[in-house]
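Source file: entry21.tsv (TSV, C-alpha atoms and all ligand atoms)
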chain	number	residue	atom	x	y	z
M	143	MET	CA	-9.63	-266.35	181.24
M	144	THR	CA	-7.93	-269.29	179.58
M	145	ALA	CA	-8.07	-272.74	181.20
M	146	PRO	CA	-4.87	-273.82	182.95
M	147	THR	CA	-2.66	-276.17	180.94
M	148	THR	CA	-1.81	-279.67	182.17
M	149	LEU	CA	1.66	-278.29	182.99
M	150	GLU	CA	0.10	-275.82	185.43
M	151	ARG	CA	-2.48	-278.28	186.77
M	152	ARG	CA	0.37	-280.64	187.68
M	153	GLY	CA	1.91	-277.87	189.79
M	154	TYR	CA	4.65	-276.66	187.43
M	155	PRO	CA	5.33	-272.99	186.73
M	156	PRO	CA	3.68	-271.70	183.54
M	157	LEU	CA	5.84	-271.14	180.47
M	158	PRO	CA	4.40	-268.21	178.51
M	159	LEU	CA	4.85	-268.44	174.73
M	160	PRO	CA	5.47	-265.31	172.67
M	161	SER	CA	2.64	-264.14	170.44
M	162	SER	CA	3.18	-263.83	166.70
M	163	ALA	CA	2.05	-261.28	164.12
M	164	VAL	CA	0.51	-263.96	161.86
M	165	THR	CA	-3.13	-264.98	162.19
M	166	PRO	CA	-3.65	-268.25	164.12
M	167	GLY	CA	-5.15	-271.14	162.15
M	168	VAL	CA	-4.34	-274.03	159.84
M	169	THR	CA	-3.06	-273.51	156.33
M	170	GLY	CA	-1.20	-276.02	154.15
M	171	GLY	CA	-1.70	-278.81	156.69
M	172	ARG	CA	0.01	-277.06	159.59
M	173	ALA	CA	-0.44	-274.17	162.03
M	174	PRO	CA	2.20	-271.51	161.17
M	175	TYR	CA	1.34	-269.41	164.24
M	176	GLU	CA	2.31	-272.26	166.55
M	177	GLY	CA	5.51	-272.94	164.61
M	178	TYR	CA	6.49	-269.27	164.94
M	179	GLN	CA	5.75	-269.31	168.66
M	180	ARG	CA	8.21	-272.15	169.26
M	181	GLY	CA	10.83	-271.51	166.54
M	182	VAL	CA	11.09	-267.72	166.76
M	183	GLY	CA	10.60	-267.88	170.53
M	184	LEU	CA	13.59	-270.21	170.88
M	185	GLU	CA	15.83	-268.46	168.38
M	186	TYR	CA	15.09	-264.81	169.19
M	187	GLY	CA	12.46	-264.50	171.92
M	188	GLY	CA	14.11	-265.64	175.16
M	189	LEU	CA	12.30	-269.00	175.19
M	190	ARG	CA	15.59	-270.92	175.19
M	191	GLU	CA	16.50	-269.42	178.57
M	192	ALA	CA	12.95	-269.83	179.95
M	193	VAL	CA	12.93	-273.55	179.04
M	194	GLU	CA	16.41	-274.05	180.50
M	195	ALA	CA	15.18	-272.65	183.82
M	196	HIS	CA	12.02	-274.78	183.89
M	197	PRO	CA	12.10	-277.53	186.57
M	198	LEU	CA	10.42	-280.16	184.36
M	199	TYR	CA	12.89	-279.58	181.51
M	200	GLN	CA	15.74	-279.84	184.00
M	201	GLU	CA	14.41	-283.13	185.39
M	202	ALA	CA	13.98	-284.61	181.88
M	203	LEU	CA	17.49	-283.48	180.90
M	204	ARG	CA	18.95	-285.16	184.00
M	205	ALA	CA	17.24	-288.41	182.96
M	206	ALA	CA	18.93	-288.16	179.53
M	207	SER	CA	22.31	-287.19	180.95
M	208	GLY	CA	25.27	-288.88	179.22
M	209	ARG	CA	22.90	-290.76	176.92
M	210	THR	CA	22.00	-288.37	174.11
M	211	VAL	CA	23.78	-286.82	171.14
M	212	MET	CA	20.86	-284.46	170.45
M	213	SER	CA	21.32	-280.68	170.45
M	214	GLY	CA	19.94	-278.59	173.29
M	215	ASP	CA	17.66	-276.53	171.03
M	216	ARG	CA	16.05	-279.66	169.58
M	217	LEU	CA	15.42	-281.12	173.03
M	218	LYS	CA	13.94	-277.76	174.07
M	219	ASN	CA	11.57	-277.70	171.09
M	220	LEU	CA	10.44	-281.26	171.84
M	221	PHE	CA	9.89	-280.20	175.44
M	222	LEU	CA	7.70	-277.30	174.26
M	223	ILE	CA	5.64	-279.59	172.00
M	224	VAL	CA	4.93	-282.09	174.79
M	225	ALA	CA	4.59	-279.61	177.66
M	226	LEU	CA	2.50	-276.95	175.89
M	227	PHE	CA	0.94	-278.40	172.73
M	228	PHE	CA	-0.15	-281.92	173.72
M	229	ASP	CA	-3.37	-281.07	175.61
M	230	PRO	CA	-5.74	-281.08	172.58
M	231	LEU	CA	-4.40	-284.36	171.13
M	232	ALA	CA	-6.49	-287.53	171.44
M	233	SER	CA	-3.35	-289.70	171.82
M	234	ARG	CA	-0.16	-288.64	173.59
M	235	ASN	CA	1.88	-291.78	172.97
M	236	ILE	CA	5.35	-291.03	171.62
M	237	ILE	CA	7.35	-293.18	169.22
M	238	GLU	CA	11.04	-292.67	168.60
M	239	PHE	CA	12.82	-294.23	165.63
M	240	GLY	CA	16.53	-294.18	166.50
M	241	CYS	CA	17.35	-294.15	170.22
M	242	TYR	CA	21.10	-295.00	170.47
M	243	LYS	CA	21.81	-294.91	174.25
M	244	GLY	CA	18.21	-294.04	175.08
M	245	GLY	CA	18.72	-290.42	176.14
M	246	SER	CA	15.81	-288.95	174.21
M	247	VAL	CA	13.57	-291.90	175.18
M	248	LEU	CA	14.24	-291.23	178.89
M	249	PHE	CA	13.69	-287.49	178.26
M	250	PHE	CA	10.26	-288.16	176.71
M	251	ALA	CA	9.38	-290.75	179.37
M	252	THR	CA	10.03	-288.21	182.15
M	253	LEU	CA	7.76	-285.63	180.49
M	254	LEU	CA	4.94	-288.15	179.94
M	255	LYS	CA	5.24	-289.61	183.43
M	256	ARG	CA	4.80	-286.17	184.99
M	257	LEU	CA	2.16	-284.76	182.60
M	258	TYR	CA	0.34	-287.64	180.87
M	259	PRO	CA	0.94	-290.82	182.91
M	260	GLU	CA	-1.49	-292.84	180.77
M	261	ALA	CA	0.76	-292.46	177.70
M	262	LYS	CA	3.84	-294.49	176.75
M	263	VAL	CA	7.11	-294.04	174.85
M	264	TYR	CA	8.04	-296.64	172.24
M	265	GLY	CA	11.73	-296.65	171.33
M	266	LEU	CA	12.89	-298.54	168.22
M	267	ASP	CA	16.51	-299.19	167.34
M	268	THR	CA	18.86	-302.05	166.55
M	269	PHE	CA	20.49	-301.13	169.90
M	270	ALA	CA	23.59	-302.60	168.22
M	271	GLY	CA	24.63	-299.84	165.84
M	272	MET	CA	23.73	-298.76	162.35
M	273	PRO	CA	23.00	-301.22	159.57
M	274	ALA	CA	24.54	-300.92	156.09
M	275	SER	CA	23.51	-297.72	154.31
M	276	GLU	CA	23.41	-296.40	150.75
M	277	ARG	CA	27.02	-295.56	150.12
M	278	GLY	CA	26.26	-293.03	147.37
M	279	LEU	CA	23.89	-291.09	149.63
M	280	ASP	CA	24.31	-291.61	153.37
M	281	LEU	CA	27.41	-290.38	155.17
M	282	HIS	CA	26.76	-292.52	158.25
M	283	GLY	CA	27.03	-296.26	157.94
M	284	GLU	CA	27.41	-299.74	159.29
M	285	GLY	CA	28.68	-300.17	162.84
M	286	GLU	CA	28.37	-296.56	164.00
M	287	PHE	CA	26.48	-295.96	167.28
M	288	ALA	CA	27.21	-299.55	168.37
M	289	ASP	CA	28.42	-298.58	171.86
M	290	THR	CA	25.01	-298.98	173.45
M	291	ASP	CA	23.25	-301.56	175.56
M	292	ILE	CA	19.48	-302.06	175.75
M	293	ALA	CA	19.72	-303.71	179.18
M	294	SER	CA	21.42	-300.66	180.64
M	295	ILE	CA	18.73	-298.34	179.22
M	296	ARG	CA	16.04	-300.53	180.79
M	297	LYS	CA	17.93	-300.52	184.10
M	298	THR	CA	18.17	-296.72	184.09
M	299	ALA	CA	14.46	-296.41	183.27
M	300	LYS	CA	13.67	-298.71	186.20
M	301	SER	CA	15.91	-296.78	188.59
M	302	LEU	CA	14.10	-293.56	187.57
M	303	LYS	CA	10.72	-295.30	188.05
M	304	LEU	CA	9.87	-294.75	184.39
M	305	ASP	CA	7.57	-297.71	183.77
M	306	ASN	CA	6.25	-296.12	180.56
M	307	VAL	CA	9.22	-297.07	178.32
M	308	MET	CA	8.83	-299.83	175.71
M	309	LEU	CA	12.00	-300.65	173.77
M	310	VAL	CA	11.81	-302.68	170.56
M	311	LYS	CA	15.08	-304.08	169.22
M	312	GLY	CA	15.76	-304.71	165.52
M	313	LEU	CA	15.73	-302.99	162.16
M	314	VAL	CA	12.81	-300.57	162.09
M	315	GLN	CA	11.90	-302.04	158.68
M	316	ASP	CA	11.21	-305.32	160.56
M	317	THR	CA	9.88	-304.04	163.89
M	318	PHE	CA	7.47	-301.32	162.79
M	319	PRO	CA	4.60	-301.78	162.78
M	320	ALA	CA	4.85	-305.58	163.17
M	321	GLY	CA	6.59	-305.53	166.59
M	322	LEU	CA	4.11	-303.20	168.30
M	323	PRO	CA	0.62	-303.78	169.70
M	324	GLY	CA	-2.11	-303.58	167.03
M	325	LYS	CA	-4.11	-300.41	167.38
M	326	LEU	CA	-1.65	-297.90	168.76
M	327	ASP	CA	-1.60	-294.29	167.67
M	328	PHE	CA	0.80	-291.49	168.44
M	329	GLY	CA	0.84	-287.79	169.31
M	330	LEU	CA	4.53	-287.46	168.43
M	331	ALA	CA	6.86	-289.42	166.18
M	332	HIS	CA	10.51	-288.49	166.57
M	333	ILE	CA	12.59	-289.76	163.63
M	334	ASP	CA	16.32	-289.83	164.38
M	335	LEU	CA	17.77	-292.57	162.16
M	336	ASP	CA	20.23	-290.55	160.03
M	337	LEU	CA	19.84	-292.86	156.99
M	338	TYR	CA	17.55	-292.57	153.97
M	339	ALA	CA	16.01	-296.08	153.77
M	340	PRO	CA	14.85	-296.53	157.40
M	341	ILE	CA	13.62	-292.92	157.56
M	342	LYS	CA	11.57	-293.43	154.42
M	343	HIS	CA	10.11	-296.60	155.93
M	344	ALA	CA	9.39	-294.92	159.29
M	345	GLN	CA	7.64	-291.87	157.80
M	346	ASP	CA	5.56	-293.92	155.35
M	347	SER	CA	4.41	-296.43	157.96
M	348	VAL	CA	3.81	-294.05	160.89
M	349	TRP	CA	1.80	-291.35	159.10
M	350	GLY	CA	-1.47	-293.32	159.18
M	351	ARG	CA	-0.99	-294.02	162.90
M	352	MET	CA	-0.64	-290.39	163.95
M	353	THR	CA	-3.50	-288.93	165.93
M	354	ARG	CA	-5.16	-285.89	164.31
M	355	GLY	CA	-2.79	-282.94	164.65
M	356	GLY	CA	0.06	-285.20	165.86
M	357	TYR	CA	3.65	-284.07	165.43
M	358	VAL	CA	6.18	-285.74	163.10
M	359	VAL	CA	9.64	-284.40	163.94
M	360	TYR	CA	12.98	-285.11	162.25
M	361	ASP	CA	16.19	-284.72	164.20
M	362	ASP	CA	18.65	-284.86	161.37
M	363	ALA	CA	17.06	-283.78	158.06
M	364	THR	CA	18.63	-280.30	158.29
M	365	ALA	CA	22.06	-281.65	159.37
M	366	SER	CA	25.02	-281.31	157.00
M	367	THR	CA	25.82	-284.98	157.64
M	368	CYS	CA	22.43	-286.45	156.68
M	369	ILE	CA	21.47	-285.67	153.06
M	370	GLY	CA	19.63	-289.03	152.95
M	371	ALA	CA	17.36	-287.78	155.76
M	372	THR	CA	16.83	-284.54	153.83
M	373	GLN	CA	15.83	-286.55	150.74
M	374	ALA	CA	13.26	-288.52	152.76
M	375	VAL	CA	11.69	-285.25	153.96
M	376	GLU	CA	11.70	-283.83	150.43
M	377	GLU	CA	9.79	-286.92	149.31
M	378	LEU	CA	7.33	-286.61	152.22
M	379	ILE	CA	6.54	-283.06	151.15
M	380	ALA	CA	6.22	-283.97	147.45
M	381	GLU	CA	4.10	-287.08	148.02
M	382	ARG	CA	1.77	-285.70	150.71
M	383	ARG	CA	1.74	-282.13	149.39
M	384	ILE	CA	2.21	-280.70	152.87
M	385	HIS	CA	4.35	-277.97	154.37
M	386	SER	CA	6.44	-277.88	157.54
M	387	GLU	CA	5.36	-276.07	160.69
M	388	GLN	CA	8.97	-275.43	161.72
M	389	VAL	CA	12.45	-275.73	160.21
M	390	PHE	CA	14.32	-274.39	163.24
M	391	PRO	CA	15.66	-276.14	165.24
M	392	HIS	CA	14.42	-279.11	163.16
M	393	PHE	CA	11.67	-280.06	160.71
M	394	VAL	CA	8.22	-280.37	162.33
M	395	PHE	CA	5.14	-281.58	160.40
M	396	ARG	CA	1.54	-282.06	161.54
M	397	ALA	CA	-0.44	-285.16	160.53
M	398	GLY	CA	-4.15	-285.23	159.75
M	399	LEU	CA	-4.60	-281.47	159.26
M	400	GLU	CA	-4.37	-281.63	155.45
M	401	ALA	CA	-8.11	-280.99	155.06
M	402	ALA	CA	-8.35	-278.43	157.86
M	403	GLN	CA	-7.61	-275.40	155.67
M	404	GLY	CA	-8.89	-272.21	157.26
M	405	GLN	CA	-9.92	-273.84	160.51
M	406	SER	CA	-8.51	-272.60	163.76
M	407	SER	CA	-5.81	-274.92	165.01
M	408	LEU	CA	-6.52	-277.61	167.59
M	409	HIS	CA	-5.40	-275.00	170.11
M	410	GLY	CA	-7.82	-272.36	168.90
M	501	LIG	C1	21.81	-290.47	165.91
M	501	LIG	S1	21.40	-291.99	166.65
M	501	LIG	C2	19.97	-291.60	167.65
M	501	LIG	C3	20.26	-290.60	168.74
M	501	LIG	C4	19.32	-290.60	169.91
M	501	LIG	N1	17.97	-290.20	169.57
M	501	LIG	C5	19.86	-289.74	171.04
M	501	LIG	O1	19.06	-289.21	171.85
M	501	LIG	O2	21.09	-289.63	171.18
M	501	LIG	C6	20.76	-292.88	165.28
M	501	LIG	C7	20.32	-294.30	165.63
M	501	LIG	O3	19.59	-294.84	164.52
M	501	LIG	C8	19.74	-296.24	164.57
M	501	LIG	N2	19.37	-296.81	163.28
M	501	LIG	C9	19.75	-296.43	162.04
M	501	LIG	N3	19.18	-297.21	161.10
M	501	LIG	C10	18.39	-298.09	161.74
M	501	LIG	C11	17.49	-299.12	161.31
M	501	LIG	N4	17.33	-299.42	160.03
M	501	LIG	N5	16.80	-299.79	162.26
M	501	LIG	C12	16.96	-299.51	163.57
M	501	LIG	N6	17.79	-298.54	164.04
M	501	LIG	C13	18.50	-297.85	163.14
M	501	LIG	C14	21.19	-296.45	164.95
M	501	LIG	O4	21.39	-297.73	165.52
M	501	LIG	C15	21.44	-295.29	165.93
M	501	LIG	O5	21.35	-295.72	167.28
Transcribe the structure of this file into structure tokens.
Ligand SMILES: C[S@@+](CC[C@H](N)C(=O)[O-])C[C@H]1O[C@@H](n2cnc3c(N)ncnc32)[C@H](O)[C@@H]1O
Amino acid sequence: MTAPTTLERRGYPPLPLPSSAVTPGVTGGRAPYEGYQRGVGLEYGGLREAVEAHPLYQEALRAASGRTVMSGDRLKNLFLIVALFFDPLASRNIIEFGCYKGGSVLFFATLLKRLYPEAKVYGLDTFAGMPASERGLDLHGEGEFADTDIASIRKTAKSLKLDNVMLVKGLVQDTFPAGLPGKLDFGLAHIDLDLYAPIKHAQDSVWGRMTRGGYVVYDDATASTCIGATQAVEELIAERRIHSEQVFPHFVFRAGLEAAQGQSSLHG
């Protein structure tokens, strides 16, 4: 008999994951079995519908309502990571680089509040639109995503009783790590900045603050509109000599498992 997950212990219905034909374990700094469970499960295995029907996913989606430009599949995969893969992690704090109207921050905050109330969500953005970008590389640029308001995000968090949301305003190059408390580490870093330079900064500076086995997820590096984000991920792979755990519905990497070759995963 396997021990109940936190999801079940908190009174939510279980969400069975499909099994995969590959052998569980870590290879190349990630756990392919777990990536297949989520990615193949969502794309072909009926997991999309199962997540959509889950009451905790529905509550988190309501909190994000009208405030996110993220795709449904990507929100579902992030839900799976937090709801089913967070138990073995030593830190469950979440950091998001690129929040816009705060939809994904409120989504994460709802999940943590219900499952891991000791953890917090840190949301970093200018909350005033995009800064200037590299015109020969990035399609997005200055002034886009400016129709947001940090005070209104804070007000919505308060009305939903989400006291676990910390918003940090400014260029991520200035605010991370300097604008955050000293010794914080993270179970999930969600990078959704669309532009090469801030993504490169975020991935380089957050890697050493990820808890062992923590998840580094990119919203936009496989989007046709974000070749700068793709370049940042290509450099991450080349410099750290790691492989991704998922490419659908977005890139997912695991931090701190580089030396764990052959070991069973944290979930083993
Ligand atoms: C696609 S939006 C984020 C979407 C959001 N996660 C959601 O749920 O809808 C990208 C965000 O990145 C922010 N951004 C881009 N470059 C930045 C930088 N250097 N520093 C801070 N924020 C930045 C923009 O202000 C914008 O709000």
So, with all atoms listed in the file as the atoms that count, which of M:Asp229, M:Glu176, M:Asp316, M:Asp327 lies closest to ligand LIG 501 (chain M)?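 The answer is M:Asp316, which sits nearest to ligand LIG 501 (chain M).
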Ligand LIG 501 (chain M): which residues are within 9 Å, counting all atoms listed in the file, as a PyMOL selection string? chain M and resi 206+209-213+217+238-249+266-275+282-290+311-317+332-341+343+361-362
Those residues you just picked out, can you put them in a file as a CSV table (one decimal), keeping the file's coordinate frame with C-alpha atoms?
chain,number,residue,atom,x,y,z
M,206,ALA,CA,18.9,-288.2,179.5
M,209,ARG,CA,22.9,-290.8,176.9
M,210,THR,CA,22.0,-288.4,174.1
M,211,VAL,CA,23.8,-286.8,171.1
M,212,MET,CA,20.9,-284.5,170.4
M,213,SER,CA,21.3,-280.7,170.4
M,217,LEU,CA,15.4,-281.1,173.0
M,238,GLU,CA,11.0,-292.7,168.6
M,239,PHE,CA,12.8,-294.2,165.6
M,240,GLY,CA,16.5,-294.2,166.5
M,241,CYS,CA,17.4,-294.2,170.2
M,242,TYR,CA,21.1,-295.0,170.5
M,243,LYS,CA,21.8,-294.9,174.2
M,244,GLY,CA,18.2,-294.0,175.1
M,245,GLY,CA,18.7,-290.4,176.1
M,246,SER,CA,15.8,-289.0,174.2
M,247,VAL,CA,13.6,-291.9,175.2
M,248,LEU,CA,14.2,-291.2,178.9
M,249,PHE,CA,13.7,-287.5,178.3
M,266,LEU,CA,12.9,-298.5,168.2
M,267,ASP,CA,16.5,-299.2,167.3
M,268,THR,CA,18.9,-302.0,166.6
M,269,PHE,CA,20.5,-301.1,169.9
M,270,ALA,CA,23.6,-302.6,168.2
M,271,GLY,CA,24.6,-299.8,165.8
M,272,MET,CA,23.7,-298.8,162.4
M,273,PRO,CA,23.0,-301.2,159.6
M,274,ALA,CA,24.5,-300.9,156.1
M,275,SER,CA,23.5,-297.7,154.3
M,282,HIS,CA,26.8,-292.5,158.2
M,283,GLY,CA,27.0,-296.3,157.9
M,284,GLU,CA,27.4,-299.7,159.3
M,285,GLY,CA,28.7,-300.2,162.8
M,286,GLU,CA,28.4,-296.6,164.0
M,287,PHE,CA,26.5,-296.0,167.3
M,288,ALA,CA,27.2,-299.6,168.4
M,289,ASP,CA,28.4,-298.6,171.9
M,290,THR,CA,25.0,-299.0,173.4
M,311,LYS,CA,15.1,-304.1,169.2
M,312,GLY,CA,15.8,-304.7,165.5
M,313,LEU,CA,15.7,-303.0,162.2
M,314,VAL,CA,12.8,-300.6,162.1
M,315,GLN,CA,11.9,-302.0,158.7
M,316,ASP,CA,11.2,-305.3,160.6
M,317,THR,CA,9.9,-304.0,163.9
M,332,HIS,CA,10.5,-288.5,166.6
M,333,ILE,CA,12.6,-289.8,163.6
M,334,ASP,CA,16.3,-289.8,164.4
M,335,LEU,CA,17.8,-292.6,162.2
M,336,ASP,CA,20.2,-290.6,160.0
M,337,LEU,CA,19.8,-292.9,157.0
M,338,TYR,CA,17.6,-292.6,154.0
M,339,ALA,CA,16.0,-296.1,153.8
M,340,PRO,CA,14.8,-296.5,157.4
M,341,ILE,CA,13.6,-292.9,157.6
M,343,HIS,CA,10.1,-296.6,155.9
M,361,ASP,CA,16.2,-284.7,164.2
M,362,ASP,CA,18.6,-284.9,161.4
Residues near M:Pro319, anyone? I mean within 9 Å using all atoms listed in the file, not counting same-chain ones fewer than 5 positions away, as a count of residues only. 4
Name the residues in contact with M:Val359 at a cut-off of 12 Å, using all atoms listed in the file, excluding same-chain residues fewer than 3 positions from it; report them as an mmCIF file with C-alpha atoms, keeping the file's coordinate frame.
data_model
loop_
_atom_site.group_PDB
_atom_site.id
_atom_site.type_symbol
_atom_site.label_atom_id
_atom_site.label_comp_id
_atom_site.auth_asym_id
_atom_site.auth_seq_id
_atom_site.Cartn_x
_atom_site.Cartn_y
_atom_site.Cartn_z
ATOM 1 C CA ARG M 216 16.050 -279.660 169.580
ATOM 2 C CA LEU M 217 15.420 -281.120 173.030
ATOM 3 C CA ASN M 219 11.570 -277.700 171.090
ATOM 4 C CA LEU M 220 10.440 -281.260 171.840
ATOM 5 C CA ILE M 223 5.640 -279.590 172.000
ATOM 6 C CA ILE M 236 5.350 -291.030 171.620
ATOM 7 C CA ILE M 237 7.350 -293.180 169.220
ATOM 8 C CA GLU M 238 11.040 -292.670 168.600
ATOM 9 C CA PHE M 239 12.820 -294.230 165.630
ATOM 10 C CA GLY M 329 0.840 -287.790 169.310
ATOM 11 C CA LEU M 330 4.530 -287.460 168.430
ATOM 12 C CA ALA M 331 6.860 -289.420 166.180
ATOM 13 C CA HIS M 332 10.510 -288.490 166.570
ATOM 14 C CA ILE M 333 12.590 -289.760 163.630
ATOM 15 C CA ASP M 334 16.320 -289.830 164.380
ATOM 16 C CA LEU M 335 17.770 -292.570 162.160
ATOM 17 C CA ILE M 341 13.620 -292.920 157.560
ATOM 18 C CA ALA M 344 9.390 -294.920 159.290
ATOM 19 C CA GLN M 345 7.640 -291.870 157.800
ATOM 20 C CA VAL M 348 3.810 -294.050 160.890
ATOM 21 C CA TRP M 349 1.800 -291.350 159.100
ATOM 22 C CA MET M 352 -0.640 -290.390 163.950
ATOM 23 C CA GLY M 356 0.060 -285.200 165.860
ATOM 24 C CA ASP M 362 18.650 -284.860 161.370
ATOM 25 C CA ALA M 363 17.060 -283.780 158.060
ATOM 26 C CA THR M 364 18.630 -280.300 158.290
ATOM 27 C CA ALA M 371 17.360 -287.780 155.760
ATOM 28 C CA VAL M 375 11.690 -285.250 153.960
ATOM 29 C CA SER M 386 6.440 -277.880 157.540
ATOM 30 C CA GLU M 387 5.360 -276.070 160.690
ATOM 31 C CA GLN M 388 8.970 -275.430 161.720
ATOM 32 C CA VAL M 389 12.450 -275.730 160.210
ATOM 33 C CA PHE M 390 14.320 -274.390 163.240
ATOM 34 C CA PRO M 391 15.660 -276.140 165.240
ATOM 35 C CA HIS M 392 14.420 -279.110 163.160
ATOM 36 C CA PHE M 393 11.670 -280.060 160.710
ATOM 37 C CA VAL M 394 8.220 -280.370 162.330
ATOM 38 C CA PHE M 395 5.140 -281.580 160.400
ATOM 39 C CA ARG M 396 1.540 -282.060 161.540
ATOM 40 C CA ALA M 397 -0.440 -285.160 160.530
#
Around stretch 347-366 of chain M, with edges along x, y and z and 5 Å added on all six sides, what centre and edge lengths do you get, in Å to one decimal, as lines of an AutoDock Vina configuration file?
center_x = 9.9
center_y = -288.4
center_z = 161.5
size_x = 40.2
size_y = 26.1
size_z = 18.9
M:Ile369, M:Leu257, M:Val168, M:Ala145: which is nearest M:Ile384, counting all atoms listed in the file? M:Val168
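Residue nearest M:Ala261, chosen from M:Phe328, M:Tyr357, M:Tyr199, M:Tyr175 and counting only C-alpha atoms: M:Phe328.
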Please identify all polymer residues within 8 Å of M:Leu408, counting only C-alpha atoms, omitting same-chain residues fewer than 2 positions from it, and present them as a PyMOL selection string. chain M and resi 230-231+355+406+410
Can you work out the spacing between atom CA of M:Ala195 and atom CA of M:Tyr178 in Å, to one decimal? 21.1 Å
Please identify all polymer residues within 12 Å of stretch 147-152 of chain M, counting all atoms listed in the file, omitting same-chain residues fewer than 5 positions from it, and present them as a list of chain:residue names.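 In the requested form, the answer reads M:Leu157, M:Pro158, M:His196, M:Pro197, M:Leu198, M:Tyr199, M:Phe221, M:Leu222, M:Ile223, M:Val224, M:Ala225, M:Leu226, M:Phe227, M:Phe228, M:Asp229, M:Pro230, M:Leu253, M:Leu254, M:Lys255, M:Arg256, M:Leu257, M:Tyr258, M:Pro259, M:His409.
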So that I can see what lies close to M:Gln405, please list as a CSV table (one decimal) with C-alpha atoms, keeping the file's coordinate frame the residues with an atom at most 10 Å from it, counting all atoms listed in the file and leaving out residues fewer than 3 positions away in the same chain.
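Writing the result to part_27.csv gives the following:
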chain,number,residue,atom,x,y,z
M,166,PRO,CA,-3.6,-268.2,164.1
M,167,GLY,CA,-5.2,-271.1,162.2
M,168,VAL,CA,-4.3,-274.0,159.8
M,169,THR,CA,-3.1,-273.5,156.3
M,173,ALA,CA,-0.4,-274.2,162.0
M,399,LEU,CA,-4.6,-281.5,159.3
M,401,ALA,CA,-8.1,-281.0,155.1
M,402,ALA,CA,-8.4,-278.4,157.9
M,408,LEU,CA,-6.5,-277.6,167.6
M,410,GLY,CA,-7.8,-272.4,168.9
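Each of M:Ser233, M:Ser162, M:Ser207, M:Gln403 was checked against M:Thr353 using all atoms listed in the file; the smallest atom-to-atom distance is that of M:Ser233.
In terms of minimum interatomic distance to M:Glu276, M:Gly370 ranks closest within M:Arg172, M:Arg383, M:Gly370, M:Gly153, counting only C-alpha atoms.
Our summary of the geometry notes that atom CA of M:Gly398 is positioned 7.5 Å from atom CA of M:Gly171.
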Output file request: stretch 271-285 of chain M, with N, CA and C atoms, as an mmCIF file, in the first residue's frame.
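Saved to result11.cif:
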data_model
loop_
_atom_site.group_PDB
_atom_site.id
_atom_site.type_symbol
_atom_site.label_atom_id
_atom_site.label_comp_id
_atom_site.auth_asym_id
_atom_site.auth_seq_id
_atom_site.Cartn_x
_atom_site.Cartn_y
_atom_site.Cartn_z
ATOM 1 N N GLY M 271 4.498 46.760 -17.407
ATOM 2 C CA GLY M 271 4.766 46.437 -18.805
ATOM 3 C C GLY M 271 6.214 46.063 -19.063
ATOM 4 N N MET M 272 6.435 45.587 -20.277
ATOM 5 C CA MET M 272 7.765 45.097 -20.640
ATOM 6 C C MET M 272 8.779 46.221 -20.786
ATOM 7 N N PRO M 273 10.016 45.935 -20.428
ATOM 8 C CA PRO M 273 11.099 46.894 -20.695
ATOM 9 C C PRO M 273 11.560 46.759 -22.148
ATOM 10 N N ALA M 274 12.513 47.572 -22.546
ATOM 11 C CA ALA M 274 13.081 47.468 -23.896
ATOM 12 C C ALA M 274 13.702 46.080 -24.061
ATOM 13 N N SER M 275 13.619 45.553 -25.286
ATOM 14 C CA SER M 275 14.159 44.214 -25.545
ATOM 15 C C SER M 275 15.167 44.279 -26.688
ATOM 16 N N GLU M 276 15.759 43.132 -26.973
ATOM 17 C CA GLU M 276 16.750 43.071 -28.077
ATOM 18 C C GLU M 276 16.014 43.014 -29.394
ATOM 19 N N ARG M 277 16.071 44.079 -30.150
ATOM 20 C CA ARG M 277 15.219 44.180 -31.333
ATOM 21 C C ARG M 277 15.579 43.181 -32.428
ATOM 22 N N GLY M 278 16.791 42.664 -32.430
ATOM 23 C CA GLY M 278 17.137 41.659 -33.442
ATOM 24 C C GLY M 278 16.771 40.248 -33.021
ATOM 25 N N LEU M 279 16.200 40.094 -31.836
ATOM 26 C CA LEU M 279 15.939 38.750 -31.299
ATOM 27 C C LEU M 279 14.520 38.589 -30.757
ATOM 28 N N ASP M 280 14.109 39.511 -29.893
ATOM 29 C CA ASP M 280 12.810 39.355 -29.217
ATOM 30 C C ASP M 280 11.695 40.018 -30.016
ATOM 31 N N LEU M 281 10.588 39.272 -30.172
ATOM 32 C CA LEU M 281 9.438 39.838 -30.881
ATOM 33 C C LEU M 281 8.660 40.796 -29.975
ATOM 34 N N HIS M 282 8.541 40.414 -28.700
ATOM 35 C CA HIS M 282 7.846 41.306 -27.749
ATOM 36 C C HIS M 282 8.766 42.454 -27.366
ATOM 37 N N GLY M 283 8.161 43.551 -26.895
ATOM 38 C CA GLY M 283 9.013 44.675 -26.538
ATOM 39 C C GLY M 283 8.334 45.697 -25.667
ATOM 40 N N GLU M 284 9.018 46.807 -25.541
ATOM 41 C CA GLU M 284 8.696 47.857 -24.571
ATOM 42 C C GLU M 284 7.217 48.240 -24.587
ATOM 43 N N GLY M 285 6.636 48.310 -23.389
ATOM 44 C CA GLY M 285 5.275 48.812 -23.240
ATOM 45 C C GLY M 285 4.186 47.755 -23.305
#
